[in-house]
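This is model_29.pdb (PDB, C-alpha atoms).
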ATOM      1  CA  MET A  15     -69.977  59.742 -30.301  1.00  0.00           C
ATOM      2  CA  ASN A  16     -68.392  60.567 -27.003  1.00  0.00           C
ATOM      3  CA  GLU A  17     -64.665  59.674 -26.949  1.00  0.00           C
ATOM      4  CA  THR A  18     -64.863  58.123 -23.483  1.00  0.00           C
ATOM      5  CA  SER A  19     -67.850  57.398 -21.350  1.00  0.00           C
ATOM      6  CA  PRO A  20     -68.021  59.300 -18.059  1.00  0.00           C
ATOM      7  CA  THR A  21     -67.815  56.090 -16.007  1.00  0.00           C
ATOM      8  CA  SER A  22     -64.646  54.705 -17.609  1.00  0.00           C
ATOM      9  CA  ASP A  23     -61.035  55.608 -16.915  1.00  0.00           C
ATOM     10  CA  ALA A  24     -59.855  54.979 -20.469  1.00  0.00           C
ATOM     11  CA  HIS A  25     -57.693  57.496 -22.250  1.00  0.00           C
ATOM     12  CA  VAL A  26     -58.079  57.789 -26.031  1.00  0.00           C
ATOM     13  CA  VAL A  27     -55.177  58.973 -28.142  1.00  0.00           C
ATOM     14  CA  SER A  28     -55.512  59.663 -31.860  1.00  0.00           C
ATOM     15  CA  PRO A  29     -52.005  59.351 -33.269  1.00  0.00           C
ATOM     16  CA  ARG A  30     -51.114  61.602 -36.198  1.00  0.00           C
ATOM     17  CA  ARG A  31     -48.419  61.034 -38.757  1.00  0.00           C
ATOM     18  CA  ARG A  32     -46.314  63.943 -39.897  1.00  0.00           C
ATOM     19  CA  ARG A  33     -46.992  63.211 -43.545  1.00  0.00           C
ATOM     20  CA  GLN A  34     -50.299  61.869 -44.787  1.00  0.00           C
ATOM     21  CA  SER A  35     -49.657  58.957 -47.097  1.00  0.00           C
ATOM     22  CA  PRO A  36     -51.956  58.838 -50.137  1.00  0.00           C
ATOM     23  CA  ARG A  37     -52.061  55.044 -49.831  1.00  0.00           C
ATOM     24  CA  ARG A  38     -53.193  55.029 -46.220  1.00  0.00           C
ATOM     25  CA  HIS A  39     -55.827  52.340 -45.854  1.00  0.00           C
ATOM     26  CA  PHE A  40     -56.508  52.474 -42.125  1.00  0.00           C
ATOM     27  CA  GLU A  41     -57.236  55.067 -39.479  1.00  0.00           C
ATOM     28  CA  TRP A  42     -55.748  54.253 -36.070  1.00  0.00           C
ATOM     29  CA  ARG A  43     -56.823  54.972 -32.494  1.00  0.00           C
ATOM     30  CA  VAL A  44     -54.867  54.104 -29.356  1.00  0.00           C
ATOM     31  CA  VAL A  45     -56.813  53.523 -26.137  1.00  0.00           C
ATOM     32  CA  ASP A  46     -55.043  53.399 -22.771  1.00  0.00           C
ATOM     33  CA  ILE A  47     -56.998  51.577 -20.073  1.00  0.00           C
ATOM     34  CA  ALA A  48     -56.106  52.138 -16.425  1.00  0.00           C
ATOM     35  CA  PRO A  49     -55.297  49.160 -14.189  1.00  0.00           C
ATOM     36  CA  ASP A  50     -58.314  49.787 -11.937  1.00  0.00           C
ATOM     37  CA  VAL A  51     -60.783  49.296 -14.826  1.00  0.00           C
ATOM     38  CA  SER A  52     -62.270  45.812 -14.681  1.00  0.00           C
ATOM     39  CA  ARG A  53     -62.020  43.424 -17.588  1.00  0.00           C
ATOM     40  CA  SER A  54     -65.770  43.569 -18.233  1.00  0.00           C
ATOM     41  CA  GLU A  55     -65.739  47.408 -18.276  1.00  0.00           C
ATOM     42  CA  ALA A  56     -62.829  47.393 -20.737  1.00  0.00           C
ATOM     43  CA  ARG A  57     -64.656  44.888 -22.918  1.00  0.00           C
ATOM     44  CA  GLY A  58     -67.760  47.105 -22.861  1.00  0.00           C
ATOM     45  CA  LEU A  59     -65.720  50.156 -23.866  1.00  0.00           C
ATOM     46  CA  LEU A  60     -64.112  48.321 -26.778  1.00  0.00           C
ATOM     47  CA  THR A  61     -67.469  46.866 -27.820  1.00  0.00           C
ATOM     48  CA  GLU A  62     -68.928  50.381 -28.037  1.00  0.00           C
ATOM     49  CA  HIS A  63     -66.038  51.503 -30.230  1.00  0.00           C
ATOM     50  CA  ALA A  64     -66.520  48.463 -32.463  1.00  0.00           C
ATOM     51  CA  GLU A  65     -70.295  48.748 -32.813  1.00  0.00           C
ATOM     52  CA  TYR A  66     -70.746  52.502 -33.173  1.00  0.00           C
ATOM     53  CA  GLY A  67     -67.423  53.610 -34.632  1.00  0.00           C
ATOM     54  CA  GLN A  68     -66.696  50.589 -36.845  1.00  0.00           C
ATOM     55  CA  TRP A  69     -63.343  50.039 -35.096  1.00  0.00           C
ATOM     56  CA  GLU A  70     -61.675  46.640 -34.958  1.00  0.00           C
ATOM     57  CA  LEU A  71     -59.034  45.386 -32.560  1.00  0.00           C
ATOM     58  CA  ALA A  72     -55.564  45.395 -34.126  1.00  0.00           C
ATOM     59  CA  ARG A  73     -53.303  44.897 -31.109  1.00  0.00           C
ATOM     60  CA  SER A  74     -53.387  44.874 -27.332  1.00  0.00           C
ATOM     61  CA  VAL A  75     -50.673  44.946 -24.679  1.00  0.00           C
ATOM     62  CA  LEU A  76     -50.967  44.179 -20.974  1.00  0.00           C
ATOM     63  CA  TYR A  77     -48.319  46.024 -18.950  1.00  0.00           C
ATOM     64  CA  ILE A  78     -46.867  45.147 -15.576  1.00  0.00           C
ATOM     65  CA  GLY A  79     -49.200  46.609 -12.969  1.00  0.00           C
ATOM     66  CA  GLY A  80     -52.356  45.865 -14.957  1.00  0.00           C
ATOM     67  CA  ALA A  81     -52.512  48.823 -17.350  1.00  0.00           C
ATOM     68  CA  ARG A  82     -53.581  47.999 -20.896  1.00  0.00           C
ATOM     69  CA  ARG A  83     -52.995  49.698 -24.237  1.00  0.00           C
ATOM     70  CA  VAL A  84     -55.183  48.798 -27.197  1.00  0.00           C
ATOM     71  CA  TRP A  85     -54.717  49.735 -30.863  1.00  0.00           C
ATOM     72  CA  LEU A  86     -57.931  49.967 -32.860  1.00  0.00           C
ATOM     73  CA  ARG A  87     -58.178  50.448 -36.605  1.00  0.00           C
ATOM     74  CA  ARG A  88     -60.830  51.078 -39.188  1.00  0.00           C
ATOM     75  CA  ARG A  89     -60.759  51.241 -42.928  1.00  0.00           C
ATOM     76  CA  VAL A  90     -60.653  54.712 -44.472  1.00  0.00           C
ATOM     77  CA  MET A  91     -63.501  55.254 -46.913  1.00  0.00           C
ATOM     78  CA  ARG A  92     -62.367  57.068 -50.045  1.00  0.00           C
ATOM     79  CA  LEU A  93     -65.280  58.716 -51.800  1.00  0.00           C
ATOM     80  CA  GLN A  94     -65.187  60.374 -55.199  1.00  0.00           C
ATOM     81  CA  ARG A  95     -67.625  62.953 -56.443  1.00  0.00           C
ATOM     82  CA  THR A  96     -70.128  61.647 -58.936  1.00  0.00           C
ATOM     83  CA  ASN A  97     -71.108  65.005 -60.381  1.00  0.00           C
ATOM     84  CA  ALA A  98     -68.645  66.976 -62.479  1.00  0.00           C
ATOM     85  CA  VAL A  99     -68.219  70.580 -61.381  1.00  0.00           C
TER      86      VAL A  99
END
If you convert what's in this file into structure tokens, what do you get?
Amino acid sequence: MNETSPTSDAHVVSPRRRRQSPRRHFEWRVVDIAPDVSRSEARGLLTEHAEYGQWELARSVLYIGGARRVWLRRRVMRLQRTNAV
């Protein structure tokens, strides 16, 4: 999936922790949305992330001037091998 669509002005940041916790249950993505992006365009961008990437909205902040920052999360799938090697 494309990180951002060519028509949007959203900036996607994938934050990384210094140490990976073995008990980490969620993967996080931070999306910065410019003030000139309309509300319907921002909603469409977040809907695409939710439908195709299985992301859910965790937090959103509206800054002075109209810029928005959105935190998305999704559950990390832990898979174990079924065949013994």
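Picture a line from atom CA of A:Asp50 to atom CA of A:Gly80; it runs 7.7 Å.
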(request) Kindly give the distance, in Å, that separates atom CA of A:Arg43 and atom CA of A:Leu60, rounded to a single decimal. (result)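 One can read the atom CA of A:Arg43 to atom CA of A:Leu60 distance as 11.4 Å.
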(request) For atom CA of A:Gly79 and atom CA of A:Ala56, determine how far apart the two atoms are, in Å to one decimal place. (result) 15.7 Å
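Nearest to A:Ala64 of all the residues A:Tyr77, A:Arg88, A:Val45, A:Ser52 is A:Arg88, counting only C-alpha atoms.
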(request) Identify which of the residues A:Leu59, A:Leu71, A:Arg89, A:Tyr66 lies closest to A:Glu41, counting only C-alpha atoms when measuring atom-to-atom distances. (result)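 Smallest separation from A:Glu41 among the options: A:Arg89.
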(message) For this structure, which residues satisfy the selection - the PyMOL selection byres ((chain A and resi 82) around 10) - when it is evaluated on the file as given? I want them as a PyMOL selection string.
(response) chain A and resi 24+45-49+51+56+74-81+83-84
May I have the residues from that selection written out with C-alpha atoms, as a PDB file, in the coordinates of the input?
ATOM      1  CA  ALA A  24     -59.855  54.979 -20.469  1.00  0.00           C
ATOM      2  CA  VAL A  45     -56.813  53.523 -26.137  1.00  0.00           C
ATOM      3  CA  ASP A  46     -55.043  53.399 -22.771  1.00  0.00           C
ATOM      4  CA  ILE A  47     -56.998  51.577 -20.073  1.00  0.00           C
ATOM      5  CA  ALA A  48     -56.106  52.138 -16.425  1.00  0.00           C
ATOM      6  CA  PRO A  49     -55.297  49.160 -14.189  1.00  0.00           C
ATOM      7  CA  VAL A  51     -60.783  49.296 -14.826  1.00  0.00           C
ATOM      8  CA  ALA A  56     -62.829  47.393 -20.737  1.00  0.00           C
ATOM      9  CA  SER A  74     -53.387  44.874 -27.332  1.00  0.00           C
ATOM     10  CA  VAL A  75     -50.673  44.946 -24.679  1.00  0.00           C
ATOM     11  CA  LEU A  76     -50.967  44.179 -20.974  1.00  0.00           C
ATOM     12  CA  TYR A  77     -48.319  46.024 -18.950  1.00  0.00           C
ATOM     13  CA  ILE A  78     -46.867  45.147 -15.576  1.00  0.00           C
ATOM     14  CA  GLY A  79     -49.200  46.609 -12.969  1.00  0.00           C
ATOM     15  CA  GLY A  80     -52.356  45.865 -14.957  1.00  0.00           C
ATOM     16  CA  ALA A  81     -52.512  48.823 -17.350  1.00  0.00           C
ATOM     17  CA  ARG A  83     -52.995  49.698 -24.237  1.00  0.00           C
ATOM     18  CA  VAL A  84     -55.183  48.798 -27.197  1.00  0.00           C
TER      19      VAL A  84
END
(request) Within 9 Å of (-59.4, 43.5, -35.0) (coordinates as in the file), grab all the protein and nucleic acid residues, counting only C-alpha atoms, and write them out as a PyMOL selection string. (result) chain A and resi 69-73+85-88
(message) Measuring between all atoms listed in the file, which one of A:Gly67, A:Thr61, A:Arg53, A:Phe40 shows the shortest distance to A:Arg92?
(response)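 When distances to A:Arg92 are compared using all atoms listed in the file, the smallest one comes from A:Phe40.
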Using all atoms of stretch 70-77 of chain A listed in the file and a margin of 6 Å per side, can you give the axis-aligned box centre and edge lengths in Å to one decimal, as lines of an AutoDock Vina configuration file?
center_x = -55.0
center_y = 45.4
center_z = -27.0
size_x = 25.4
size_y = 14.5
size_z = 28.0
Assuming the input is short of atoms at stretch 60-84 of chain A, produce N, CA and C atoms for that part as a PDB file, in the coordinates of the input.
ATOM      1  N   LEU A  60     -64.569  48.720 -25.444  1.00  0.00           N
ATOM      2  CA  LEU A  60     -64.112  48.321 -26.778  1.00  0.00           C
ATOM      3  C   LEU A  60     -65.271  47.869 -27.668  1.00  0.00           C
ATOM      4  N   THR A  61     -66.285  47.271 -27.060  1.00  0.00           N
ATOM      5  CA  THR A  61     -67.469  46.866 -27.820  1.00  0.00           C
ATOM      6  C   THR A  61     -68.199  48.086 -28.361  1.00  0.00           C
ATOM      7  N   GLU A  62     -68.296  49.142 -27.564  1.00  0.00           N
ATOM      8  CA  GLU A  62     -68.928  50.381 -28.037  1.00  0.00           C
ATOM      9  C   GLU A  62     -68.173  50.980 -29.214  1.00  0.00           C
ATOM     10  N   HIS A  63     -66.840  50.996 -29.119  1.00  0.00           N
ATOM     11  CA  HIS A  63     -66.038  51.503 -30.230  1.00  0.00           C
ATOM     12  C   HIS A  63     -66.260  50.661 -31.485  1.00  0.00           C
ATOM     13  N   ALA A  64     -66.351  49.358 -31.311  1.00  0.00           N
ATOM     14  CA  ALA A  64     -66.520  48.463 -32.463  1.00  0.00           C
ATOM     15  C   ALA A  64     -67.900  48.619 -33.096  1.00  0.00           C
ATOM     16  N   GLU A  65     -68.935  48.692 -32.280  1.00  0.00           N
ATOM     17  CA  GLU A  65     -70.295  48.748 -32.813  1.00  0.00           C
ATOM     18  C   GLU A  65     -70.633  50.102 -33.418  1.00  0.00           C
ATOM     19  N   TYR A  66     -70.297  51.184 -32.729  1.00  0.00           N
ATOM     20  CA  TYR A  66     -70.746  52.502 -33.173  1.00  0.00           C
ATOM     21  C   TYR A  66     -69.714  53.247 -34.013  1.00  0.00           C
ATOM     22  N   GLY A  67     -68.446  52.913 -33.869  1.00  0.00           N
ATOM     23  CA  GLY A  67     -67.423  53.610 -34.632  1.00  0.00           C
ATOM     24  C   GLY A  67     -66.798  52.766 -35.717  1.00  0.00           C
ATOM     25  N   GLN A  68     -67.223  51.521 -35.851  1.00  0.00           N
ATOM     26  CA  GLN A  68     -66.696  50.589 -36.845  1.00  0.00           C
ATOM     27  C   GLN A  68     -65.201  50.324 -36.653  1.00  0.00           C
ATOM     28  N   TRP A  69     -64.746  50.331 -35.397  1.00  0.00           N
ATOM     29  CA  TRP A  69     -63.343  50.039 -35.096  1.00  0.00           C
ATOM     30  C   TRP A  69     -63.169  48.552 -34.891  1.00  0.00           C
ATOM     31  N   GLU A  70     -61.995  48.041 -35.231  1.00  0.00           N
ATOM     32  CA  GLU A  70     -61.675  46.640 -34.958  1.00  0.00           C
ATOM     33  C   GLU A  70     -60.363  46.584 -34.180  1.00  0.00           C
ATOM     34  N   LEU A  71     -60.210  45.543 -33.392  1.00  0.00           N
ATOM     35  CA  LEU A  71     -59.034  45.386 -32.560  1.00  0.00           C
ATOM     36  C   LEU A  71     -57.847  44.965 -33.422  1.00  0.00           C
ATOM     37  N   ALA A  72     -56.760  45.723 -33.362  1.00  0.00           N
ATOM     38  CA  ALA A  72     -55.564  45.395 -34.126  1.00  0.00           C
ATOM     39  C   ALA A  72     -54.484  44.803 -33.224  1.00  0.00           C
ATOM     40  N   ARG A  73     -54.356  45.348 -32.007  1.00  0.00           N
ATOM     41  CA  ARG A  73     -53.303  44.897 -31.109  1.00  0.00           C
ATOM     42  C   ARG A  73     -53.654  45.303 -29.696  1.00  0.00           C
ATOM     43  N   SER A  74     -53.217  44.504 -28.736  1.00  0.00           N
ATOM     44  CA  SER A  74     -53.387  44.874 -27.332  1.00  0.00           C
ATOM     45  C   SER A  74     -52.155  44.434 -26.547  1.00  0.00           C
ATOM     46  N   VAL A  75     -51.829  45.231 -25.526  1.00  0.00           N
ATOM     47  CA  VAL A  75     -50.673  44.946 -24.679  1.00  0.00           C
ATOM     48  C   VAL A  75     -51.113  45.086 -23.233  1.00  0.00           C
ATOM     49  N   LEU A  76     -50.729  44.130 -22.413  1.00  0.00           N
ATOM     50  CA  LEU A  76     -50.967  44.179 -20.974  1.00  0.00           C
ATOM     51  C   LEU A  76     -49.635  44.482 -20.306  1.00  0.00           C
ATOM     52  N   TYR A  77     -49.560  45.606 -19.600  1.00  0.00           N
ATOM     53  CA  TYR A  77     -48.319  46.024 -18.950  1.00  0.00           C
ATOM     54  C   TYR A  77     -48.261  45.519 -17.520  1.00  0.00           C
ATOM     55  N   ILE A  78     -47.057  45.510 -16.981  1.00  0.00           N
ATOM     56  CA  ILE A  78     -46.867  45.147 -15.576  1.00  0.00           C
ATOM     57  C   ILE A  78     -47.626  46.172 -14.728  1.00  0.00           C
ATOM     58  N   GLY A  79     -48.397  45.720 -13.797  1.00  0.00           N
ATOM     59  CA  GLY A  79     -49.200  46.609 -12.969  1.00  0.00           C
ATOM     60  C   GLY A  79     -50.663  46.605 -13.397  1.00  0.00           C
ATOM     61  N   GLY A  80     -50.972  46.010 -14.550  1.00  0.00           N
ATOM     62  CA  GLY A  80     -52.356  45.865 -14.957  1.00  0.00           C
ATOM     63  C   GLY A  80     -52.861  46.860 -15.982  1.00  0.00           C
ATOM     64  N   ALA A  81     -52.074  47.862 -16.333  1.00  0.00           N
ATOM     65  CA  ALA A  81     -52.512  48.823 -17.350  1.00  0.00           C
ATOM     66  C   ALA A  81     -52.527  48.133 -18.712  1.00  0.00           C
ATOM     67  N   ARG A  82     -53.452  48.582 -19.566  1.00  0.00           N
ATOM     68  CA  ARG A  82     -53.581  47.999 -20.896  1.00  0.00           C
ATOM     69  C   ARG A  82     -53.547  49.103 -21.939  1.00  0.00           C
ATOM     70  N   ARG A  83     -52.966  48.802 -23.080  1.00  0.00           N
ATOM     71  CA  ARG A  83     -52.995  49.698 -24.237  1.00  0.00           C
ATOM     72  C   ARG A  83     -53.527  48.893 -25.406  1.00  0.00           C
ATOM     73  N   VAL A  84     -54.501  49.483 -26.105  1.00  0.00           N
ATOM     74  CA  VAL A  84     -55.183  48.798 -27.197  1.00  0.00           C
ATOM     75  C   VAL A  84     -55.095  49.660 -28.442  1.00  0.00           C
TER      76      VAL A  84
END
